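Trainee: As input, take final_6.cif (mmCIF, C-alpha atoms):
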data_upload
loop_
_atom_site.group_PDB
_atom_site.id
_atom_site.type_symbol
_atom_site.label_atom_id
_atom_site.label_comp_id
_atom_site.auth_asym_id
_atom_site.auth_seq_id
_atom_site.Cartn_x
_atom_site.Cartn_y
_atom_site.Cartn_z
ATOM 1 C CA MET K 201 18.963 13.194 3.050
ATOM 2 C CA GLY K 202 18.528 13.406 -0.713
ATOM 3 C CA LYS K 203 18.123 16.397 -2.999
ATOM 4 C CA ILE K 204 15.960 16.712 -6.117
ATOM 5 C CA ILE K 205 18.187 17.607 -9.077
ATOM 6 C CA ALA K 206 15.623 17.394 -11.885
ATOM 7 C CA VAL K 207 11.903 16.765 -12.358
ATOM 8 C CA CYS K 208 11.164 15.282 -15.781
ATOM 9 C CA THR K 209 8.139 14.240 -17.830
ATOM 10 C CA SER K 210 7.336 13.109 -21.362
ATOM 11 C CA PRO K 211 4.031 13.249 -23.276
ATOM 12 C CA ARG K 212 4.622 9.856 -24.926
ATOM 13 C CA LYS K 213 6.055 6.536 -23.840
ATOM 14 C CA GLY K 214 9.284 5.340 -25.388
ATOM 15 C CA THR K 215 10.788 8.834 -25.557
ATOM 16 C CA GLN K 216 13.296 10.713 -23.431
ATOM 17 C CA LYS K 217 11.849 12.965 -20.765
ATOM 18 C CA THR K 218 12.333 16.728 -20.436
ATOM 19 C CA ASN K 219 13.247 18.577 -17.251
ATOM 20 C CA ILE K 220 10.254 20.765 -16.323
ATOM 21 C CA HIS K 221 11.800 21.785 -12.964
ATOM 22 C CA GLU K 222 8.668 21.145 -10.871
ATOM 23 C CA ALA K 223 5.581 18.964 -11.107
ATOM 24 C CA GLU K 224 2.419 17.986 -9.322
ATOM 25 C CA LEU K 225 2.315 14.363 -8.198
ATOM 26 C CA ILE K 226 -1.166 12.885 -7.982
ATOM 27 C CA GLN K 227 -1.977 10.229 -5.421
ATOM 28 C CA GLU K 228 -2.068 6.715 -6.896
ATOM 29 C CA TYR K 229 -1.397 8.130 -10.360
ATOM 30 C CA GLY K 230 1.998 9.772 -10.857
ATOM 31 C CA LEU K 231 3.325 13.025 -12.325
ATOM 32 C CA LYS K 232 0.655 15.164 -13.924
ATOM 33 C CA GLY K 233 1.196 15.241 -17.687
ATOM 34 C CA ASP K 234 3.587 12.281 -17.788
ATOM 35 C CA ALA K 235 2.838 9.396 -20.153
ATOM 36 C CA HIS K 236 3.855 6.758 -17.608
ATOM 37 C CA ALA K 237 1.435 7.950 -14.926
ATOM 38 C CA GLY K 238 -1.556 5.736 -14.288
ATOM 39 C CA LYS K 239 -3.232 3.227 -11.993
ATOM 40 C CA TRP K 240 -0.330 0.784 -11.859
ATOM 41 C CA HIS K 241 2.800 0.038 -9.844
ATOM 42 C CA ARG K 242 5.326 2.069 -11.895
ATOM 43 C CA GLN K 243 3.848 5.532 -11.493
ATOM 44 C CA VAL K 244 7.161 7.340 -10.876
ATOM 45 C CA SER K 245 10.715 6.450 -11.930
ATOM 46 C CA LEU K 246 13.735 7.535 -9.894
ATOM 47 C CA LEU K 247 17.431 7.565 -10.704
ATOM 48 C CA SER K 248 20.504 8.392 -8.656
ATOM 49 C CA TYR K 249 22.233 11.621 -9.729
ATOM 50 C CA GLU K 250 25.595 10.041 -8.880
ATOM 51 C CA GLN K 251 24.975 7.237 -11.367
ATOM 52 C CA PHE K 252 23.881 9.777 -13.968
ATOM 53 C CA GLU K 253 27.110 11.746 -13.516
ATOM 54 C CA GLU K 254 29.246 8.600 -13.591
ATOM 55 C CA PHE K 255 27.719 7.652 -16.926
ATOM 56 C CA LYS K 256 28.168 11.187 -18.233
ATOM 57 C CA LYS K 257 31.917 10.964 -17.567
ATOM 58 C CA GLN K 258 32.093 8.405 -20.379
ATOM 59 C CA GLY K 259 31.456 11.249 -22.783
ATOM 60 C CA ALA K 260 27.760 10.754 -23.409
ATOM 61 C CA PRO K 261 25.982 13.984 -24.473
ATOM 62 C CA ILE K 262 23.050 13.415 -22.120
ATOM 63 C CA GLU K 263 20.539 15.753 -20.556
ATOM 64 C CA TYR K 264 18.352 15.294 -17.496
ATOM 65 C CA GLY K 265 15.548 12.857 -18.341
ATOM 66 C CA ALA K 266 17.609 11.034 -20.954
ATOM 67 C CA PHE K 267 17.089 7.653 -19.266
ATOM 68 C CA GLY K 268 13.351 8.134 -18.837
ATOM 69 C CA GLU K 269 13.612 9.064 -15.159
ATOM 70 C CA ASN K 270 10.988 11.290 -13.578
ATOM 71 C CA LEU K 271 13.065 12.267 -10.567
ATOM 72 C CA LEU K 272 16.841 12.607 -10.575
ATOM 73 C CA VAL K 273 17.932 12.584 -6.947
ATOM 74 C CA GLU K 274 21.291 13.254 -5.329
ATOM 75 C CA GLY K 275 22.317 11.389 -2.209
ATOM 76 C CA TYR K 276 20.624 7.996 -2.586
ATOM 77 C CA ASP K 277 21.684 4.756 -4.238
ATOM 78 C CA PHE K 278 18.105 3.672 -4.860
ATOM 79 C CA LYS K 279 18.840 0.119 -5.930
ATOM 80 C CA SER K 280 20.327 -0.585 -2.474
ATOM 81 C CA PHE K 281 16.919 -0.136 -0.818
ATOM 82 C CA PRO K 282 14.364 -2.959 -0.664
ATOM 83 C CA VAL K 283 10.987 -2.807 -2.349
ATOM 84 C CA GLY K 284 8.552 -1.178 0.073
ATOM 85 C CA THR K 285 10.958 1.577 1.140
ATOM 86 C CA ARG K 286 9.235 4.946 1.423
ATOM 87 C CA PHE K 287 10.548 8.412 0.658
ATOM 88 C CA LYS K 288 9.030 11.788 1.570
ATOM 89 C CA CYS K 289 9.495 15.074 -0.281
ATOM 90 C CA ASN K 290 7.360 17.964 0.943
ATOM 91 C CA ASP K 291 3.873 16.416 1.167
ATOM 92 C CA VAL K 292 4.658 13.683 -1.355
ATOM 93 C CA ILE K 293 5.154 10.108 -0.148
ATOM 94 C CA LEU K 294 6.551 7.532 -2.567
ATOM 95 C CA GLU K 295 6.771 3.781 -2.014
ATOM 96 C CA MET K 296 9.267 1.741 -4.028
ATOM 97 C CA THR K 297 7.581 -1.043 -5.985
ATOM 98 C CA GLN K 298 10.257 -2.273 -8.410
ATOM 99 C CA ILE K 299 14.029 -2.196 -8.847
ATOM 100 C CA GLY K 300 15.247 -1.988 -12.429
ATOM 101 C CA LYS K 301 13.423 -3.154 -15.530
ATOM 102 C CA GLU K 302 13.981 -4.960 -18.774
ATOM 103 C CA CYS K 303 14.924 -2.763 -21.720
ATOM 104 C CA HIS K 304 12.854 -4.329 -24.501
ATOM 105 C CA HIS K 305 13.725 -2.246 -27.527
ATOM 106 C CA GLY K 306 16.936 -0.405 -26.710
ATOM 107 C CA CYS K 307 16.712 3.326 -26.005
ATOM 108 C CA ALA K 308 18.486 6.124 -27.856
ATOM 109 C CA ILE K 309 21.222 6.230 -25.199
ATOM 110 C CA ARG K 310 21.917 2.516 -25.565
ATOM 111 C CA GLN K 311 22.111 2.900 -29.311
ATOM 112 C CA THR K 312 24.570 5.789 -28.943
ATOM 113 C CA MET K 313 26.736 4.541 -26.060
ATOM 114 C CA GLY K 314 26.084 0.819 -26.143
ATOM 115 C CA ASP K 315 24.682 0.973 -22.592
ATOM 116 C CA CYS K 316 21.732 2.314 -20.585
ATOM 117 C CA ILE K 317 21.713 2.553 -16.794
ATOM 118 C CA MET K 318 17.978 2.766 -16.084
ATOM 119 C CA PRO K 319 17.340 -1.019 -16.315
ATOM 120 C CA ARG K 320 19.880 -1.719 -13.547
ATOM 121 C CA GLU K 321 20.121 1.556 -11.586
ATOM 122 C CA GLY K 322 16.597 2.969 -11.781
ATOM 123 C CA VAL K 323 13.698 2.198 -9.468
ATOM 124 C CA PHE K 324 9.951 2.707 -9.633
ATOM 125 C CA ALA K 325 7.399 3.850 -7.089
ATOM 126 C CA ARG K 326 3.743 4.486 -6.335
ATOM 127 C CA VAL K 327 2.468 7.845 -5.133
ATOM 128 C CA LEU K 328 0.923 7.175 -1.728
ATOM 129 C CA GLN K 329 0.360 10.864 -1.067
ATOM 130 C CA GLY K 330 0.343 13.662 -3.606
ATOM 131 C CA GLY K 331 1.828 17.147 -3.685
ATOM 132 C CA THR K 332 4.374 19.246 -5.557
ATOM 133 C CA ILE K 333 8.081 18.521 -6.042
ATOM 134 C CA ARG K 334 10.607 21.084 -7.306
ATOM 135 C CA GLU K 335 14.300 21.136 -8.112
ATOM 136 C CA GLY K 336 16.300 21.687 -4.935
ATOM 137 C CA ASP K 337 13.692 20.106 -2.620
ATOM 138 C CA GLU K 338 14.936 17.674 -0.004
ATOM 139 C CA MET K 339 13.891 14.021 -0.078
ATOM 140 C CA ALA K 340 13.943 12.037 3.160
ATOM 141 C CA LEU K 341 13.976 8.314 3.825
ATOM 142 C CA MET K 342 10.940 7.511 5.922
ATOM 143 C CA PRO K 343 11.318 5.280 8.974
ATOM 144 C CA LYS K 344 9.829 1.875 8.296
ATOM 145 C CA PHE K 345 8.046 1.539 11.620
ATOM 146 C CA THR K 346 6.206 4.399 13.305
ATOM 147 C CA HIS K 347 5.748 2.716 16.693
ATOM 148 C CA PHE K 348 9.456 2.699 17.619
ATOM 149 C CA ASP K 349 11.667 5.594 18.697
ATOM 150 C CA GLU K 350 15.316 6.105 17.724
ATOM 151 C CA GLU K 351 16.418 3.733 20.518
ATOM 152 C CA GLY K 352 14.033 1.014 19.356
ATOM 153 C CA ASN K 353 11.581 1.444 22.226
ATOM 154 C CA ALA K 354 7.900 0.948 21.488
ATOM 155 C CA PHE K 355 5.652 3.955 21.954
ATOM 156 C CA MET K 356 2.145 5.118 21.126
ATOM 157 C CA VAL K 357 2.090 7.573 18.225
ATOM 158 C CA ASP K 358 0.885 11.059 19.181
ATOM 159 C CA VAL K 359 -2.100 11.905 16.963
ATOM 160 C CA GLY K 360 -3.181 14.926 18.992
ATOM 161 C CA GLU K 361 -2.467 17.434 16.221
ATOM 162 C CA LYS K 362 -4.341 15.495 13.551
ATOM 163 C CA ALA K 363 -7.766 16.654 12.442
ATOM 164 C CA ASP K 364 -10.883 14.552 12.990
ATOM 165 C CA THR K 365 -12.005 13.165 9.613
ATOM 166 C CA ASP K 366 -14.468 10.571 8.354
ATOM 167 C CA ARG K 367 -12.651 7.243 8.258
ATOM 168 C CA THR K 368 -13.802 3.844 7.014
ATOM 169 C CA ALA K 369 -12.049 0.479 6.804
ATOM 170 C CA VAL K 370 -13.200 -2.838 5.378
ATOM 171 C CA ALA K 371 -11.546 -6.170 6.209
ATOM 172 C CA ALA K 372 -12.407 -9.745 5.304
ATOM 173 C CA GLY K 373 -11.401 -13.337 5.973
ATOM 174 C CA THR K 374 -12.716 -16.876 5.488
ATOM 175 C CA ILE K 375 -13.149 -20.047 7.487
ATOM 176 C CA ALA K 376 -13.243 -23.378 5.642
ATOM 177 C CA MET K 377 -14.959 -26.446 7.068
ATOM 178 C CA SER K 378 -16.305 -29.871 6.211
ATOM 179 C CA ARG K 379 -19.439 -30.230 4.114
ATOM 180 C CA GLU K 380 -21.375 -31.601 7.085
ATOM 181 C CA CYS K 381 -20.400 -28.647 9.264
ATOM 182 C CA PHE K 382 -21.175 -26.144 6.511
ATOM 183 C CA GLU K 383 -24.644 -27.592 5.961
ATOM 184 C CA MET K 384 -25.411 -27.483 9.688
ATOM 185 C CA VAL K 385 -24.431 -23.810 9.856
ATOM 186 C CA LYS K 386 -26.450 -23.052 6.756
ATOM 187 C CA GLU K 387 -29.564 -24.854 8.038
ATOM 188 C CA GLY K 388 -29.213 -23.481 11.578
ATOM 189 C CA ASN K 389 -28.888 -26.952 13.114
ATOM 190 C CA MET K 390 -25.771 -26.405 15.244
ATOM 191 C CA LYS K 391 -26.419 -27.371 18.891
ATOM 192 C CA LYS K 392 -24.978 -24.131 20.249
ATOM 193 C CA GLY K 393 -27.544 -22.103 18.336
ATOM 194 C CA ASP K 394 -27.418 -19.375 15.674
ATOM 195 C CA VAL K 395 -23.757 -19.529 14.659
ATOM 196 C CA LEU K 396 -23.660 -16.497 12.396
ATOM 197 C CA GLY K 397 -25.873 -14.395 14.657
ATOM 198 C CA VAL K 398 -23.575 -14.959 17.633
ATOM 199 C CA ALA K 399 -20.448 -14.487 15.488
ATOM 200 C CA ARG K 400 -21.832 -11.172 14.221
ATOM 201 C CA ILE K 401 -22.306 -9.830 17.760
ATOM 202 C CA ALA K 402 -18.873 -11.146 18.797
ATOM 203 C CA GLY K 403 -17.186 -9.373 15.878
ATOM 204 C CA ILE K 404 -18.905 -6.091 16.690
ATOM 205 C CA MET K 405 -17.980 -6.332 20.366
ATOM 206 C CA ALA K 406 -14.362 -7.170 19.505
ATOM 207 C CA ALA K 407 -14.022 -4.198 17.155
ATOM 208 C CA LYS K 408 -15.184 -1.935 19.999
ATOM 209 C CA LYS K 409 -12.478 -3.366 22.291
ATOM 210 C CA THR K 410 -9.560 -3.275 19.827
ATOM 211 C CA ALA K 411 -7.576 -0.737 21.870
ATOM 212 C CA GLU K 412 -7.716 -3.102 24.858
ATOM 213 C CA LEU K 413 -6.359 -6.011 22.799
ATOM 214 C CA ILE K 414 -3.674 -4.383 20.614
ATOM 215 C CA PRO K 415 -1.173 -2.555 22.855
ATOM 216 C CA LEU K 416 -0.404 0.541 20.790
ATOM 217 C CA CYS K 417 -3.793 1.138 19.186
ATOM 218 C CA HIS K 418 -5.670 4.327 19.972
ATOM 219 C CA MET K 419 -9.108 4.204 21.547
ATOM 220 C CA LEU K 420 -11.591 5.356 18.917
ATOM 221 C CA HIS K 421 -15.215 6.477 19.043
ATOM 222 C CA LEU K 422 -16.720 4.079 16.518
ATOM 223 C CA SER K 423 -19.794 5.363 14.735
ATOM 224 C CA GLN K 424 -20.604 2.039 13.042
ATOM 225 C CA VAL K 425 -19.432 -1.563 12.933
ATOM 226 C CA GLU K 426 -21.079 -3.957 10.507
ATOM 227 C CA ILE K 427 -20.356 -7.675 10.112
ATOM 228 C CA GLN K 428 -21.593 -9.493 7.006
ATOM 229 C CA PHE K 429 -21.253 -13.163 6.065
ATOM 230 C CA GLU K 430 -21.190 -14.850 2.677
ATOM 231 C CA LEU K 431 -21.740 -18.593 2.437
ATOM 232 C CA GLN K 432 -19.441 -19.982 -0.251
ATOM 233 C CA GLU K 433 -21.159 -23.265 -1.029
ATOM 234 C CA ALA K 434 -18.762 -24.388 -3.766
ATOM 235 C CA VAL K 435 -15.852 -24.627 -1.295
ATOM 236 C CA PHE K 436 -17.730 -25.068 2.020
ATOM 237 C CA SER K 437 -16.398 -21.867 3.532
ATOM 238 C CA ILE K 438 -17.795 -18.702 5.062
ATOM 239 C CA GLU K 439 -16.417 -15.235 4.400
ATOM 240 C CA ALA K 440 -16.736 -12.649 7.141
ATOM 241 C CA ARG K 441 -16.499 -8.985 6.187
ATOM 242 C CA CYS K 442 -16.245 -6.193 8.741
ATOM 243 C CA THR K 443 -16.831 -2.511 7.970
ATOM 244 C CA ALA K 444 -15.806 -0.036 10.668
ATOM 245 C CA LYS K 445 -16.442 3.705 10.624
ATOM 246 C CA THR K 446 -15.449 6.641 12.805
ATOM 247 C CA VAL K 447 -14.898 10.386 12.800
ATOM 248 C CA ASP K 448 -11.538 10.580 14.541
ATOM 249 C CA LYS K 449 -7.818 11.350 14.293
ATOM 250 C CA THR K 450 -6.583 7.938 13.166
ATOM 251 C CA GLY K 451 -7.805 5.057 11.049
ATOM 252 C CA VAL K 452 -10.037 2.082 11.850
ATOM 253 C CA GLU K 453 -8.098 -0.628 10.002
ATOM 254 C CA MET K 454 -7.269 -2.504 13.195
ATOM 255 C CA GLU K 455 -10.894 -2.393 14.352
ATOM 256 C CA ALA K 456 -12.083 -3.895 11.065
ATOM 257 C CA LEU K 457 -9.419 -6.623 11.177
ATOM 258 C CA THR K 458 -10.128 -7.425 14.810
ATOM 259 C CA GLY K 459 -13.831 -7.725 14.064
ATOM 260 C CA VAL K 460 -13.139 -10.229 11.283
ATOM 261 C CA HIS K 461 -10.748 -12.312 13.405
ATOM 262 C CA VAL K 462 -13.114 -12.641 16.347
ATOM 263 C CA ALA K 463 -16.147 -13.333 14.160
ATOM 264 C CA LEU K 464 -14.268 -16.236 12.549
ATOM 265 C CA LEU K 465 -12.993 -17.473 15.929
ATOM 266 C CA THR K 466 -16.565 -17.487 17.210
ATOM 267 C CA ILE K 467 -17.676 -19.607 14.262
ATOM 268 C CA TYR K 468 -14.888 -22.051 15.106
ATOM 269 C CA ASP K 469 -15.883 -22.158 18.766
ATOM 270 C CA MET K 470 -19.537 -22.845 17.974
ATOM 271 C CA CYS K 471 -18.751 -25.527 15.376
ATOM 272 C CA LYS K 472 -15.677 -27.289 16.746
ATOM 273 C CA ALA K 473 -17.691 -30.217 18.136
ATOM 274 C CA VAL K 474 -18.562 -31.119 14.539
ATOM 275 C CA ASP K 475 -15.292 -30.203 12.783
ATOM 276 C CA ARG K 476 -12.052 -29.449 14.634
ATOM 277 C CA GLY K 477 -10.208 -29.250 11.310
ATOM 278 C CA MET K 478 -11.707 -25.899 10.284
ATOM 279 C CA HIS K 479 -9.105 -23.360 9.237
ATOM 280 C CA MET K 480 -9.129 -19.590 8.873
ATOM 281 C CA ASP K 481 -7.443 -18.039 5.858
ATOM 282 C CA ASN K 482 -6.925 -14.913 3.770
ATOM 283 C CA ILE K 483 -7.616 -12.414 6.548
ATOM 284 C CA ARG K 484 -6.747 -9.034 5.045
ATOM 285 C CA LEU K 485 -7.607 -5.359 4.742
ATOM 286 C CA LEU K 486 -9.676 -4.632 1.639
ATOM 287 C CA SER K 487 -9.845 -0.855 1.794
ATOM 288 C CA LYS K 488 -9.480 2.226 3.955
ATOM 289 C CA SER K 489 -10.475 5.819 3.392
ATOM 290 C CA GLY K 490 -10.085 9.134 5.156
ATOM 291 C CA GLY K 491 -7.189 10.864 6.821
ATOM 292 C CA LYS K 492 -4.167 12.420 5.172
ATOM 293 C CA SER K 493 -3.328 9.348 3.086
ATOM 294 C CA GLY K 494 -6.849 9.164 1.647
ATOM 295 C CA LEU K 495 -8.141 6.101 -0.161
ATOM 296 C CA TRP K 496 -6.281 2.786 -0.248
ATOM 297 C CA GLU K 497 -7.620 -0.371 -1.863
ATOM 298 C CA ALA K 498 -6.220 -3.883 -2.036
ATOM 299 C CA PRO K 499 -5.274 -5.014 -5.570
ATOM 300 C CA GLU K 500 -8.308 -7.321 -5.705
ATOM 301 C CA CYS K 501 -10.543 -4.266 -5.280
ATOM 302 C CA ARG K 502 -8.961 -2.282 -8.096
ATOM 303 C CA THR K 503 -10.274 -2.374 -11.634
ATOM 304 C CA SER K 504 -7.207 -1.007 -13.417
ATOM 305 C CA THR K 505 -4.972 -3.142 -15.617
ATOM 306 C CA GLU K 506 -1.236 -2.866 -15.151
ATOM 307 C CA GLU K 507 0.849 -2.038 -18.200
ATOM 308 C CA SER K 508 4.304 -3.360 -18.883
#
Let's see the structure in the file written out as structure tokens.

Mentor:
Amino acid sequence: MGKIIAVCTSPRKGTQKTNIHEAELIQEYGLKGDAHAGKWHRQVSLLSYEQFEEFKKQGAPIEYGAFGENLLVEGYDFKSFPVGTRFKCNDVILEMTQIGKECHHGCAIRQTMGDCIMPREGVFARVLQGGTIREGDEMALMPKFTHFDEEGNAFMVDVGEKADTDRTAVAAGTIAMSRECFEMVKEGNMKKGDVLGVARIAGIMAAKKTAELIPLCHMLHLSQVEIQFELQEAVFSIEARCTAKTVDKTGVEMEALTGVHVALLTIYDMCKAVDRGMHMDNIRLLSKSGGKSGLWEAPECRTSTEES
């Protein structure tokens, strides 16, 4: 368990931060009022309090925020954790995105002491869920997998106390094929019939049966499942996109992904007599909304430009 020692912000980049003792963290943005907040991967910077104190023993006249850290935390050696590690403090959930950074210009501490620890000891994170963090708050390391208990046994997560909310998920994937096969699908000349029409129904049916196929998925009351296809003539491939919606206690990501998979498998089944070399690729979640974690979008769906 970690402990928040300082909460720091700065109004401009390239300057030391000031301890403001508590701050609001905004989902997919960062600390309110901090110059480094934004729609990018380094929304929050974290530094180990132990490393701060070790450096201070060298005689440096440093204050909290001197290395540009937003959160100074006791109890964790952040650089020892892999990218993707998640931490929880009150309602706030942070996900590590980067370990260390290059010091381009040399900060005031480096100029004074000849060294700066943030490039090698600091880490950066995204705000997956917002809230308020104060000095003295506890920070916990979140378990990486939610479907395993402390003994490593698989179990179904209890969502009984969650509120029903509007939830939507969009997934997509492609199937590439020969030119001959693509043209036959496009013209509706495949012997088995309407390839995309059958694949659309198959994807919808599969999404409705996700809980029967994936062992630990919850059974959801789907309010809508939509399968759309895009013919990509330049590369002789077909993209399938599945949108799933519900008003329930947990998300519909797996339903959307299952719909895409089965729609593409159905295309393969109906076309394999013409081209057995078809291959499915780039099956992924594009977005999800609803629930406590709110909106998530894949990088390809975001319009923001990352800053260095």

Trainee: Counting all atoms listed in the file, which residue out of K:Glu361, K:Met318, K:Met454, K:Ala434 sits closest to Phe255 (chain K)?

Mentor: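 Between K:Glu361, K:Met318, K:Met454, K:Ala434, the residue approaching Phe255 (chain K) most closely is K:Met318.
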
Trainee: Take the PyMOL selection byres ((chain K and resi 216) around 6), run it mentally on this structure, and tell me the resulting residues as a list in words.

Mentor: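 In the shown coordinates, the PyMOL selection byres ((chain K and resi 216) around 6) covers Thr215, Lys217, Gly265, Ala266 and Gly268 of chain K.
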
Trainee: Need to verify the contact set: region 400-405 of chain K, 12 Å, only C-alpha atoms, exclusion of same-chain residues closer than 3 positions in sequence. Can you return it as a ChimeraX atom specification?

Mentor: /K:371-372,394-397,408-413,422-429,439-445,455-467,469-470

Trainee: If I take CA of Phe278 (chain K) and CA of Met339 (chain K), how far is one from the other in Å, to one decimal?

Mentor: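 Result for CA of Phe278 (chain K) versus CA of Met339 (chain K): 12.2 Å, one decimal.
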
Trainee: CA of Ile204 (chain K) to CA of Gly491 (chain K): how many Å, to one decimal?

Mentor: 27.2 Å

Trainee: Using all atoms listed in the file, find each residue of region 437-502 of chain K with at least one atom at most 12 Å away from an atom of region 227-246 of chain K; report its shortest atom-to-atom pair and that distance in Å (one decimal), sort the rows by chain and rising residue number, and return the result as JSON lines.

Mentor:
{"residue": "K:Lys492", "atom": "CA", "partner": "K:Gln227", "partner_atom": "CA", "distance": 11.0}
{"residue": "K:Ser493", "atom": "CA", "partner": "K:Gln227", "partner_atom": "CA", "distance": 8.7}
{"residue": "K:Gly494", "atom": "CA", "partner": "K:Gln227", "partner_atom": "CA", "distance": 8.7}
{"residue": "K:Leu495", "atom": "CA", "partner": "K:Glu228", "partner_atom": "CA", "distance": 9.1}
{"residue": "K:Trp496", "atom": "CA", "partner": "K:Glu228", "partner_atom": "CA", "distance": 8.8}
{"residue": "K:Glu497", "atom": "CA", "partner": "K:Glu228", "partner_atom": "CA", "distance": 10.3}
{"residue": "K:Pro499", "atom": "CA", "partner": "K:Trp240", "partner_atom": "CA", "distance": 9.9}
{"residue": "K:Arg502", "atom": "CA", "partner": "K:Lys239", "partner_atom": "CA", "distance": 8.9}
